[in-house]
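Raw work27.cif, mmCIF, C-alpha atoms:
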```
data_structure
loop_
_atom_site.label_atom_id
_atom_site.label_comp_id
_atom_site.auth_asym_id
_atom_site.auth_seq_id
_atom_site.Cartn_x
_atom_site.Cartn_y
_atom_site.Cartn_z
CA MET A 23 -1.24 -26.26 2.29
CA ILE A 24 -0.78 -22.56 1.62
CA THR A 25 -2.75 -19.48 2.65
CA VAL A 26 -3.91 -17.19 -0.15
CA LYS A 27 -4.97 -13.61 0.59
CA PHE A 28 -7.01 -11.33 -1.65
CA PHE A 29 -7.46 -7.58 -1.53
CA ALA A 30 -9.47 -4.83 -3.23
CA THR A 31 -10.70 -5.87 -6.71
CA ALA A 32 -9.30 -9.38 -6.30
CA ALA A 33 -11.26 -9.86 -3.06
CA ASP A 34 -14.40 -8.61 -4.82
CA VAL A 35 -13.91 -11.08 -7.68
CA VAL A 36 -13.37 -14.17 -5.52
CA GLN A 37 -15.79 -12.89 -2.87
CA GLN A 38 -13.46 -13.80 -0.04
CA ARG A 39 -10.35 -12.35 1.52
CA GLN A 40 -8.53 -15.51 2.45
CA LEU A 41 -8.53 -19.20 1.63
CA GLU A 42 -6.47 -22.28 2.37
CA MET A 43 -5.29 -24.13 -0.72
CA GLU A 44 -3.79 -27.55 -1.25
CA LEU A 45 -0.88 -26.95 -3.61
CA LYS A 46 1.78 -29.32 -4.84
CA CYS A 47 4.95 -27.65 -3.53
CA PRO A 48 7.40 -26.35 -4.47
CA GLN A 49 5.31 -24.71 -7.16
CA SER A 50 6.19 -21.75 -9.34
CA VAL A 51 4.16 -18.58 -8.96
CA SER A 52 3.03 -18.86 -12.57
CA GLY A 53 1.90 -22.45 -11.97
CA PHE A 54 0.06 -21.33 -8.86
CA LEU A 55 -1.66 -18.54 -10.80
CA ASP A 56 -2.72 -21.03 -13.50
CA ILE A 57 -4.39 -23.20 -10.85
CA LEU A 58 -5.91 -20.25 -9.00
CA CYS A 59 -7.36 -18.75 -12.18
CA SER A 60 -8.82 -22.10 -13.22
CA GLU A 61 -10.60 -22.30 -9.85
CA HIS A 62 -11.62 -18.63 -9.92
CA PRO A 63 -12.01 -17.72 -13.61
CA GLY A 64 -12.90 -14.13 -12.72
CA LEU A 65 -9.26 -13.57 -11.75
CA GLU A 66 -8.04 -14.22 -15.29
CA LYS A 67 -8.80 -10.68 -16.46
CA LEU A 68 -6.92 -9.23 -13.46
CA ARG A 69 -3.91 -11.46 -13.96
CA PRO A 70 -1.90 -9.14 -16.24
CA ALA A 71 -2.10 -6.35 -13.68
CA VAL A 72 -1.62 -8.16 -10.39
CA ARG A 73 1.59 -8.75 -8.53
CA VAL A 74 2.11 -11.69 -6.21
CA ALA A 75 3.67 -11.48 -2.75
CA VAL A 76 5.00 -14.49 -0.90
CA ASN A 77 5.44 -14.01 2.85
CA HIS A 78 5.05 -10.22 2.44
CA GLU A 79 7.61 -9.79 -0.35
CA TYR A 80 6.92 -9.19 -4.05
CA VAL A 81 8.11 -12.09 -6.20
CA GLN A 82 8.47 -12.81 -9.91
CA GLU A 83 6.46 -15.49 -11.71
CA GLU A 84 9.38 -17.93 -11.70
CA ALA A 85 9.78 -17.79 -7.92
CA LEU A 86 8.84 -20.87 -5.93
CA ILE A 87 6.04 -21.27 -3.40
CA HIS A 88 6.62 -23.66 -0.51
CA ASP A 89 4.31 -25.46 1.86
CA GLY A 90 3.07 -23.12 4.61
CA ASP A 91 3.70 -19.91 2.63
CA GLU A 92 1.35 -16.95 2.75
CA VAL A 93 0.66 -15.89 -0.83
CA ALA A 94 -1.11 -12.62 -1.60
CA ILE A 95 -2.72 -11.40 -4.80
CA ILE A 96 -1.80 -7.72 -5.03
CA PRO A 97 -3.88 -5.63 -7.47
CA PRO A 98 -2.34 -2.33 -8.57
CA VAL A 99 -1.88 -0.28 -5.41
CA SER A 100 -3.35 3.17 -4.94
CA GLY A 101 -2.27 4.34 -1.51
CA GLY A 102 -1.42 7.86 -0.56
CA ARG A 103 -3.04 11.01 -2.01
CA GLY A 104 -2.10 14.19 -3.71
CA MET B 28 7.49 6.03 13.37
CA ILE B 29 6.11 3.61 10.78
CA GLU B 30 2.47 2.65 11.24
CA ILE B 31 -0.71 1.60 9.52
CA THR B 32 -3.81 2.39 11.50
CA ARG B 33 -7.61 2.55 11.38
CA ASP B 34 -7.52 5.55 13.72
CA GLU B 35 -7.26 9.25 12.99
CA ILE B 36 -3.67 10.27 12.29
CA ASP B 37 -2.16 12.60 14.88
CA VAL B 38 -0.41 14.90 12.42
CA GLU B 39 1.47 16.85 15.05
CA ALA B 40 2.80 13.66 16.63
CA VAL B 41 4.02 12.43 13.23
CA THR B 42 5.80 15.73 12.57
CA LYS B 43 7.34 15.87 16.04
CA SER B 44 8.55 12.29 15.75
CA ALA B 45 10.88 13.48 12.98
CA TYR B 46 12.50 16.25 15.01
CA SER B 47 16.18 15.69 15.65
CA ASP B 48 19.18 17.59 16.97
CA ALA B 49 21.05 17.12 13.70
CA SER B 50 18.29 18.48 11.46
CA GLY B 51 17.55 22.02 10.37
CA ALA B 52 14.49 21.06 8.32
CA VAL B 53 11.44 18.87 8.81
CA VAL B 54 9.13 18.45 5.80
CA THR B 55 5.68 16.99 6.43
CA PHE B 56 3.40 15.78 3.63
CA LEU B 57 -0.28 15.13 4.26
CA GLY B 58 -2.50 13.31 1.81
CA THR B 59 -6.18 14.25 2.17
CA ALA B 60 -9.35 13.07 0.50
CA ARG B 61 -10.77 15.58 -1.96
CA GLN B 62 -14.43 16.05 -2.67
CA ASP B 63 -14.94 16.23 -6.40
CA LYS B 64 -13.77 14.03 -9.18
CA ASP B 65 -15.27 14.04 -12.65
CA GLY B 66 -18.26 15.91 -11.30
CA LYS B 67 -19.22 13.02 -9.04
CA ASN B 68 -19.92 13.59 -5.39
CA LEU B 69 -17.48 11.69 -3.23
CA VAL B 70 -18.97 10.56 0.07
CA THR B 71 -15.90 8.86 1.52
CA LEU B 72 -12.80 6.91 0.69
CA ASP B 73 -12.51 3.35 1.92
CA TYR B 74 -8.98 1.99 2.07
CA ASP B 75 -8.21 -1.71 1.97
CA ALA B 76 -4.77 -2.75 3.21
CA TYR B 77 -2.50 -5.71 3.75
CA PRO B 78 -1.27 -4.39 7.09
CA GLU B 79 1.71 -6.67 7.79
CA MET B 80 3.14 -6.18 4.31
CA ALA B 81 2.27 -2.46 4.27
CA VAL B 82 4.42 -1.90 7.35
CA LYS B 83 7.26 -3.87 5.79
CA LYS B 84 7.07 -1.85 2.55
CA MET B 85 6.88 1.48 4.40
CA GLU B 86 10.01 0.40 6.27
CA GLN B 87 11.59 -0.30 2.88
CA VAL B 88 10.69 3.21 1.71
CA ARG B 89 12.26 4.62 4.88
CA ASP B 90 15.43 2.60 4.33
CA GLU B 91 15.66 3.70 0.66
CA ILE B 92 15.39 7.34 1.74
CA ILE B 93 18.09 6.96 4.38
CA GLU B 94 20.35 5.44 1.71
CA ARG B 95 19.84 8.30 -0.75
CA TRP B 96 19.47 11.40 1.43
CA PRO B 97 21.05 12.50 4.73
CA ALA B 98 17.69 11.94 6.43
CA ASP B 99 17.79 11.65 10.19
CA GLN B 100 14.21 10.56 10.90
CA VAL B 101 11.59 9.21 8.49
CA SER B 102 8.05 8.80 9.79
CA ILE B 103 5.20 7.39 7.71
CA VAL B 104 1.66 6.74 8.97
CA HIS B 105 -1.05 5.46 6.64
CA ARG B 106 -4.71 4.99 7.45
CA PHE B 107 -7.02 2.28 6.24
CA GLY B 108 -10.74 1.73 6.53
CA PRO B 109 -13.17 4.59 5.82
CA VAL B 110 -11.63 8.07 5.55
CA GLY B 111 -13.87 11.10 5.07
CA VAL B 112 -13.39 14.11 2.84
CA ARG B 113 -10.81 16.61 4.18
CA VAL B 114 -9.38 13.91 6.44
CA VAL B 115 -5.71 12.90 6.37
CA SER B 116 -5.14 9.43 4.91
CA VAL B 117 -1.34 9.49 4.90
CA ALA B 118 1.24 11.55 6.77
CA ILE B 119 4.97 11.62 6.10
CA ALA B 120 7.56 13.60 8.06
CA ILE B 121 11.24 13.64 7.21
CA SER B 122 14.06 15.52 8.89
CA CYS B 123 17.32 16.42 7.16
CA PRO B 124 20.15 18.87 7.86
CA HIS B 125 18.86 21.17 5.08
CA ARG B 126 15.46 21.85 3.50
CA LYS B 127 16.25 20.95 -0.12
CA GLU B 128 17.04 17.33 0.63
CA ALA B 129 14.07 17.09 3.02
CA PHE B 130 11.67 18.26 0.29
CA GLU B 131 13.20 15.87 -2.25
CA ALA B 132 13.08 12.93 0.15
CA CYS B 133 9.45 13.63 1.04
CA GLU B 134 8.42 13.70 -2.61
CA TYR B 135 10.25 10.44 -3.18
CA ALA B 136 8.47 8.94 -0.16
CA ILE B 137 4.93 9.60 -1.40
CA ASP B 138 5.76 8.50 -4.96
CA ARG B 139 7.30 5.28 -3.69
CA ILE B 140 4.44 4.60 -1.27
CA LYS B 141 2.05 4.72 -4.22
CA GLU B 142 4.19 2.17 -6.05
CA ILE B 143 4.92 -0.49 -3.47
CA VAL B 144 2.81 -0.18 -0.31
CA PRO B 145 -0.17 -2.56 -0.51
CA VAL B 146 -2.99 -0.12 0.21
CA TRP B 147 -5.99 0.26 -2.08
CA LYS B 148 -8.38 3.14 -2.32
CA LYS B 149 -12.06 2.76 -3.05
CA GLU B 150 -13.97 5.92 -3.91
CA VAL B 151 -17.49 5.75 -2.54
CA TYR B 152 -20.05 8.00 -4.26
CA GLU B 153 -23.69 8.61 -3.53
CA ASP B 154 -24.55 6.22 -6.38
CA GLY B 155 -21.87 3.53 -6.16
CA SER B 156 -18.18 2.91 -5.61
CA GLU B 157 -15.03 2.01 -7.50
CA TRP B 158 -11.47 0.96 -6.77
CA VAL B 159 -8.84 3.44 -7.87
CA GLU B 160 -6.09 1.60 -9.64
CA GLN B 161 -2.71 2.79 -10.75
CA LEU B 162 -0.42 0.40 -12.49
CA GLY B 163 2.47 -0.40 -10.18
CA LYS B 164 6.04 -0.30 -11.40
#
```
Target encoding structure tokens, full file:
Amino acid sequence: MITVKFFATAADVVQQRQLEMELKCPQSVSGFLDILCSEHPGLEKLRPAVRVAVNHEYVQEEALIHDGDEVAIIPPVSGGRG
Amino acid sequence: MIEITRDEIDVEAVTKSAYSDASGAVVTFLGTARQDKDGKNLVTLDYDAYPEMAVKKMEQVRDEIIERWPADQVSIVHRFGPVGVRVVSVAIAISCPHRKEAFEACEYAIDRIKEIVPVWKKEVYEDGSEWVEQLGK
């Protein structure tokens, strides 16, 4: 079981900010995204732009997700001003 | 001082937190919401954030600055939730021995925050709203 968090546009698309997901672990980030996008097809169009964070750290698509991890879908950030 | 908060940012406290005996310059940057964009009337900004990770990434920005410049103190406070026009959404204060490096470090800080800190800005207009997206690097 992993926790998946969504923010900004991704939260709008899936209409929730957090879910628990049964995932065969260890699982690559790209494999996880395949499964997530099949369950939430609206995410597919965001996929090229989003980054994934595992336990609060950005990871590449080949990184591995383990049971109990907190995985976040990070749309392009737009903090700050000026 | 590294914080993410829903409350109003105490700008003076952020600046003072960067004061140090070793520094001859403190540069403070304030990001504020501006009213007009493309002729549309902005009512407010509404920031979404991933608070735990945002703090971690702001700490990373601080550490990168300390590696590159002789910065003594680096303070970054970012707001989330609704932020009105003319209100400060991010404050950065950096102290260095001399002004040139303090200015450079402060510019680096805001650029880097926009790249890696998970905070998202929604512009709310009288007739709708939209997320502002910049492609991260």
Hits from the PyMOL selection byres ((chain B) within 10 of (chain A)), listed as a PyMOL selection string:
chain B and resi 56-61+74-84+105-107+115-119+136-149+157-164
Atom CA of A:Arg69 to atom CA of A:Cys47, straight-line distance in Å
21.2 Å
Write out as a PDB file with C-alpha atoms, in the coordinates of the input the residues lying within 6 Å of stretch 40-43 of chain A, counting all atoms listed in the file and excluding same-chain residues fewer than 3 positions away.
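Wrote it out as around_21.pdb, contents follow:
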```pdb
ATOM      1  CA  MET A  23      -1.240 -26.260   2.290  1.00  0.00           C
ATOM      2  CA  ILE A  24      -0.780 -22.560   1.620  1.00  0.00           C
ATOM      3  CA  THR A  25      -2.750 -19.480   2.650  1.00  0.00           C
ATOM      4  CA  VAL A  26      -3.910 -17.190  -0.150  1.00  0.00           C
ATOM      5  CA  LYS A  27      -4.970 -13.610   0.590  1.00  0.00           C
TER       6      LYS A  27
END
```
Please determine the residues with any atom at most 10 Å from (20.0, 21.3, 8.1) (coordinates as given in the file, with only C-alpha atoms counting) and report them as an mmCIF file with C-alpha atoms, keeping the file's coordinate frame.
```cif
data_model
loop_
_atom_site.group_PDB
_atom_site.id
_atom_site.type_symbol
_atom_site.label_atom_id
_atom_site.label_comp_id
_atom_site.auth_asym_id
_atom_site.auth_seq_id
_atom_site.Cartn_x
_atom_site.Cartn_y
_atom_site.Cartn_z
ATOM 1 C CA ASP B 48 19.180 17.590 16.970
ATOM 2 C CA ALA B 49 21.050 17.120 13.700
ATOM 3 C CA SER B 50 18.290 18.480 11.460
ATOM 4 C CA GLY B 51 17.550 22.020 10.370
ATOM 5 C CA ALA B 52 14.490 21.060 8.320
ATOM 6 C CA VAL B 53 11.440 18.870 8.810
ATOM 7 C CA PRO B 97 21.050 12.500 4.730
ATOM 8 C CA ALA B 98 17.690 11.940 6.430
ATOM 9 C CA SER B 122 14.060 15.520 8.890
ATOM 10 C CA CYS B 123 17.320 16.420 7.160
ATOM 11 C CA PRO B 124 20.150 18.870 7.860
ATOM 12 C CA HIS B 125 18.860 21.170 5.080
ATOM 13 C CA ARG B 126 15.460 21.850 3.500
ATOM 14 C CA LYS B 127 16.250 20.950 -0.120
ATOM 15 C CA GLU B 128 17.040 17.330 0.630
ATOM 16 C CA ALA B 129 14.070 17.090 3.020
#
```
Would you mind listing what lies within 8 Å of A:Val36 as an MDAnalysis selection string, with all atoms listed in the file counted and same-chain residues fewer than 6 positions away left out?
chainID A and resid 28 62 64:65
Those same residues - C-alpha atoms - I'd like them written as a JSON list (two decimals), in the coordinates of the input.
```json
[["chain", "number", "residue", "atom", "x", "y", "z"],
["A", 28, "PHE", "CA", -7.01, -11.33, -1.65],
["A", 62, "HIS", "CA", -11.62, -18.63, -9.92],
["A", 64, "GLY", "CA", -12.90, -14.13, -12.72],
["A", 65, "LEU", "CA", -9.26, -13.57, -11.75]]
```
Which value, in Å to one decimal, gives the distance between atom CA of A:Arg39 and atom CA of B:Asp73?
15.9 Å
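Between A:Gly53 and the residues A:Ala33, A:Val81, A:Ile95, A:Leu86, the shortest atom-to-atom distance, using all atoms listed in the file, involves A:Leu86.
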Report, in Å with one decimal, the straight-line distance from atom CA of B:Val88 to atom CA of B:Leu72.
23.8 Å
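With only C-alpha atoms as the atoms that count, the minimum distance from B:Arg113 to the choices B:Gln100, B:Gln87, B:Thr71, B:Ser156 is reached by B:Thr71.
With distances taken over all atoms listed in the file, A:Leu68 is the one residue among A:Pro48, A:Leu68, A:Ser60, A:Ala85 lying closest to A:Val35.
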